[in-house]
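A.B. asks: Supplied in structure tokens, the structure appears directly below.
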Protein chains: 2
Amino acid sequence: MTNEEILGVTVLNSWKLVINRFNKTLSELSDEQLQQQAAPGRNRVFYLVGHVTAVHDRMFPLLGLGNRLHPELDETYITNPDRALGDPLSATELRRAWAEVNDKLTAAFERFTLEDWLHKHTAVCNEDSAKDPTRNRLAIVINRTSHVSYHSGQAVLAK
Amino acid sequence: MTNEEILGVTVLNSWKLVINRFNKTLSELSDEQLQQQAAPGRNRVFYLVGHVTAVHDRMFPLLGLGNRLHPELDETYITNPDRALGDPLSATELRRAWAEVNDKLTAAFERFTLEDWLHKHTAVCNEDSAKDPTRNRLAIVINRTSHVSYHSGQAVLAK
């Protein structure tokens, strides 16, 4: 393996590890348990899953990977706090959306070369990217990996 | 910046972001709040901080960065579950240990070249590293970044 290949696989392994951990927690929670709060007075697990699904779905345009699959989630799970609006999807639909978004992202990441990883993301202009080349796709994916891990640590408390 | 430099800074930025988020949460919790559980029946925040400090401290030998600073934490915060043993450090000492370990790790990561990042970690032998070169320092640091983020999401619930 070249250094470039090693790098890509290393980042991808970490992403997969975290997604799989969240998947395991989700598979162990019934639809009723998804309605539980991670801790008293905090977000429901359902909200956390909607939130990470929406945030991951936003990576499609952000990383130049095409259109979003579930833009309808933002209003409920990003713009508003938990319970401000009703859930737009059933538990089954939400589980499916979560899996669908991650499967498609993972497939795209598997095709990334080092140049692809270090390419600027779409929310930064060429001028700013020249000033700060760390505003790249790699930064987004590593930060999203940490972000989903943060909420994974909360979702597991509902078990 | 070369691709190698961009890569190093990108990974380091993500590490720093997550450590700083945990630092912020810690700074907002009183010593009494550290004794609270993240959720009913779950680990105390004090235990979570001891746990991530011990896990990060283990990175010194694992990444070939020298001796550990706080090996005395493992028995209480890795080997045993919360409350099985008494806390060996006061809250002030634990906060200091956490900062000390991360500051020293961060300083070491700032000196890493791409070759350093992709160098095998010490828990893998040369033969296994040749078979799977993704068992490297980069993998360890990205995974530890996700790990501390996981517990950061829990600690914040005690606020």
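Here, A, B, ... name the chains of the structure tokens in the order displayed, residue numbers run from 1 inside each chain, and ligands are numbered from 1 in the same displayed order.
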Sorted by chain and rising residue number, list the residues of chain B at most 7 Å from chain A (counting only C-alpha atoms), each with its closest atom pair and distance in Å to one decimal, as JSON lines.

C.D. replies:
```
{"residue": "B:Ile6", "atom": "CA", "partner": "A:Thr134", "partner_atom": "CA", "distance": 5.7}
{"residue": "B:Val9", "atom": "CA", "partner": "A:Thr134", "partner_atom": "CA", "distance": 6.8}
{"residue": "B:Thr10", "atom": "CA", "partner": "A:Thr134", "partner_atom": "CA", "distance": 5.3}
{"residue": "B:Ser14", "atom": "CA", "partner": "A:Asn143", "partner_atom": "CA", "distance": 6.1}
{"residue": "B:Ala39", "atom": "CA", "partner": "A:Ala39", "partner_atom": "CA", "distance": 5.0}
{"residue": "B:Pro133", "atom": "CA", "partner": "A:Ile6", "partner_atom": "CA", "distance": 6.5}
{"residue": "B:Thr134", "atom": "CA", "partner": "A:Thr10", "partner_atom": "CA", "distance": 5.4}
{"residue": "B:Ala139", "atom": "CA", "partner": "A:Thr10", "partner_atom": "CA", "distance": 5.6}
{"residue": "B:Ile142", "atom": "CA", "partner": "A:Ser14", "partner_atom": "CA", "distance": 6.8}
{"residue": "B:Asn143", "atom": "CA", "partner": "A:Ser14", "partner_atom": "CA", "distance": 6.1}
{"residue": "B:Thr145", "atom": "CA", "partner": "A:Ser146", "partner_atom": "CA", "distance": 6.6}
{"residue": "B:Ser146", "atom": "CA", "partner": "A:Ser146", "partner_atom": "CA", "distance": 4.6}
{"residue": "B:Ser149", "atom": "CA", "partner": "A:Tyr150", "partner_atom": "CA", "distance": 4.7}
{"residue": "B:Tyr150", "atom": "CA", "partner": "A:Tyr150", "partner_atom": "CA", "distance": 4.1}
{"residue": "B:His151", "atom": "CA", "partner": "A:Gly153", "partner_atom": "CA", "distance": 5.9}
{"residue": "B:Ser152", "atom": "CA", "partner": "A:Tyr150", "partner_atom": "CA", "distance": 6.3}
{"residue": "B:Gly153", "atom": "CA", "partner": "A:Tyr150", "partner_atom": "CA", "distance": 4.4}
{"residue": "B:Gln154", "atom": "CA", "partner": "A:Gln154", "partner_atom": "CA", "distance": 5.5}
{"residue": "B:Leu157", "atom": "CA", "partner": "A:Ala39", "partner_atom": "CA", "distance": 6.9}
```

A.B. asks: Neighbouring residues of B:Leu65 were defined as those with any atom within 12 Å, considering only C-alpha atoms; residues of the same chain fewer than 6 positions away were excluded. Please report them as an mmCIF file with C-alpha atoms, in the first residue's frame.

C.D. replies:
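Produced file result-v6.cif, reproduced below:
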```cif
data_model
loop_
_atom_site.group_PDB
_atom_site.id
_atom_site.type_symbol
_atom_site.label_atom_id
_atom_site.label_comp_id
_atom_site.auth_asym_id
_atom_site.auth_seq_id
_atom_site.Cartn_x
_atom_site.Cartn_y
_atom_site.Cartn_z
ATOM 1 C CA HIS B 56 -4.834 9.059 26.767
ATOM 2 C CA ASP B 57 -1.925 8.472 29.142
ATOM 3 C CA ARG B 58 -1.550 4.997 27.624
ATOM 4 C CA MET B 59 -0.808 6.642 24.285
ATOM 5 C CA VAL B 101 -1.461 14.414 29.651
ATOM 6 C CA LYS B 104 2.157 16.743 26.389
ATOM 7 C CA LEU B 105 0.465 14.578 23.740
ATOM 8 C CA THR B 106 -0.547 17.612 21.682
ATOM 9 C CA ALA B 107 3.013 18.953 21.756
ATOM 10 C CA ALA B 108 4.279 15.585 20.473
ATOM 11 C CA PHE B 109 1.637 15.410 17.708
ATOM 12 C CA ARG B 111 6.083 17.536 15.704
ATOM 13 C CA PHE B 112 4.803 14.489 13.736
ATOM 14 C CA ASP B 116 5.532 9.610 11.927
ATOM 15 C CA HIS B 121 2.084 1.742 16.865
ATOM 16 C CA THR B 122 3.994 -0.322 19.425
ATOM 17 C CA ARG B 137 -0.370 6.091 15.020
#
```

A.B. asks: Enumerate as number ranges by chain all residues of chain B assigned to helix (DSSP H, G or I) by DSSP on the backbone, naming them with the chain letters and numbers the document uses.

C.D. replies: B: 3-28, 31-34, 45-57, 59-62, 71-79, 91-110, 114-118, 126-131, 137-158

A.B. asks: Using only C-alpha atoms, pick whichever of A:Arg44, A:Lys120, A:His51, A:Lys159 has the shortest atom-to-atom distance to A:Lys24.

C.D. replies: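 Among the listed residues, the smallest separation from A:Lys24 belongs to A:Lys159.
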
A.B. asks: Could you tell me, as a PyMOL selection string, which residues of chain B DSSP assigns to strand (DSSP E or B) when given the backbone?

C.D. replies: chain B and resi 37+44+120+136

A.B. asks: Create the file for the chosen residues now, containing all heavy atoms and written as a tab-separated table (two decimals), in the first residue's frame.

C.D. replies:
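Writing the result to again-v6.tsv gives the following:
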```
chain	number	residue	atom	x	y	z
B	37	GLN	N	-23.76	11.55	38.23
B	37	GLN	CA	-23.77	10.57	37.15
B	37	GLN	C	-24.26	11.25	35.87
B	37	GLN	O	-25.12	12.13	35.92
B	37	GLN	CB	-24.70	9.43	37.52
B	37	GLN	CG	-24.19	8.65	38.74
B	37	GLN	CD	-25.22	7.70	39.30
B	37	GLN	OE1	-26.41	7.98	39.26
B	37	GLN	NE2	-24.75	6.58	39.80
B	44	ARG	N	-20.18	8.21	36.96
B	44	ARG	CA	-20.01	9.59	37.39
B	44	ARG	C	-19.10	10.31	36.38
B	44	ARG	O	-18.24	9.68	35.75
B	44	ARG	CB	-19.32	9.65	38.76
B	44	ARG	CG	-20.13	9.20	39.95
B	44	ARG	CD	-19.21	9.08	41.16
B	44	ARG	NE	-18.07	8.23	40.83
B	44	ARG	CZ	-16.81	8.43	41.24
B	44	ARG	NH1	-16.51	9.45	42.01
B	44	ARG	NH2	-15.84	7.61	40.89
B	120	LYS	N	3.88	2.41	12.44
B	120	LYS	CA	3.07	1.46	13.22
B	120	LYS	C	3.12	1.85	14.71
B	120	LYS	O	4.08	2.42	15.18
B	120	LYS	CB	3.60	0.04	13.04
B	120	LYS	CG	4.90	-0.27	13.79
B	120	LYS	CD	5.30	-1.72	13.60
B	120	LYS	CE	6.48	-2.09	14.53
B	120	LYS	NZ	6.10	-2.09	15.96
B	136	ASN	N	-1.58	2.03	12.58
B	136	ASN	CA	-0.56	3.06	12.74
B	136	ASN	C	-0.99	4.11	13.78
B	136	ASN	O	-2.08	4.04	14.34
B	136	ASN	CB	-0.28	3.71	11.38
B	136	ASN	CG	-1.56	4.24	10.74
B	136	ASN	OD1	-2.38	4.84	11.41
B	136	ASN	ND2	-1.74	3.99	9.45
```

A.B. asks: Taking only C-alpha atoms into account, name the residue in A:Ser30, A:Ile19, A:Pro71, A:Pro61 that is nearest to A:Ala91.

C.D. replies: A:Ser30

A.B. asks: Between A:Leu29, A:His119, A:Asn23, A:Tyr47, single out the one closest to A:Thr79, counting only C-alpha atoms.

C.D. replies: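 Under the stated criterion, the closest residue is A:Tyr47.
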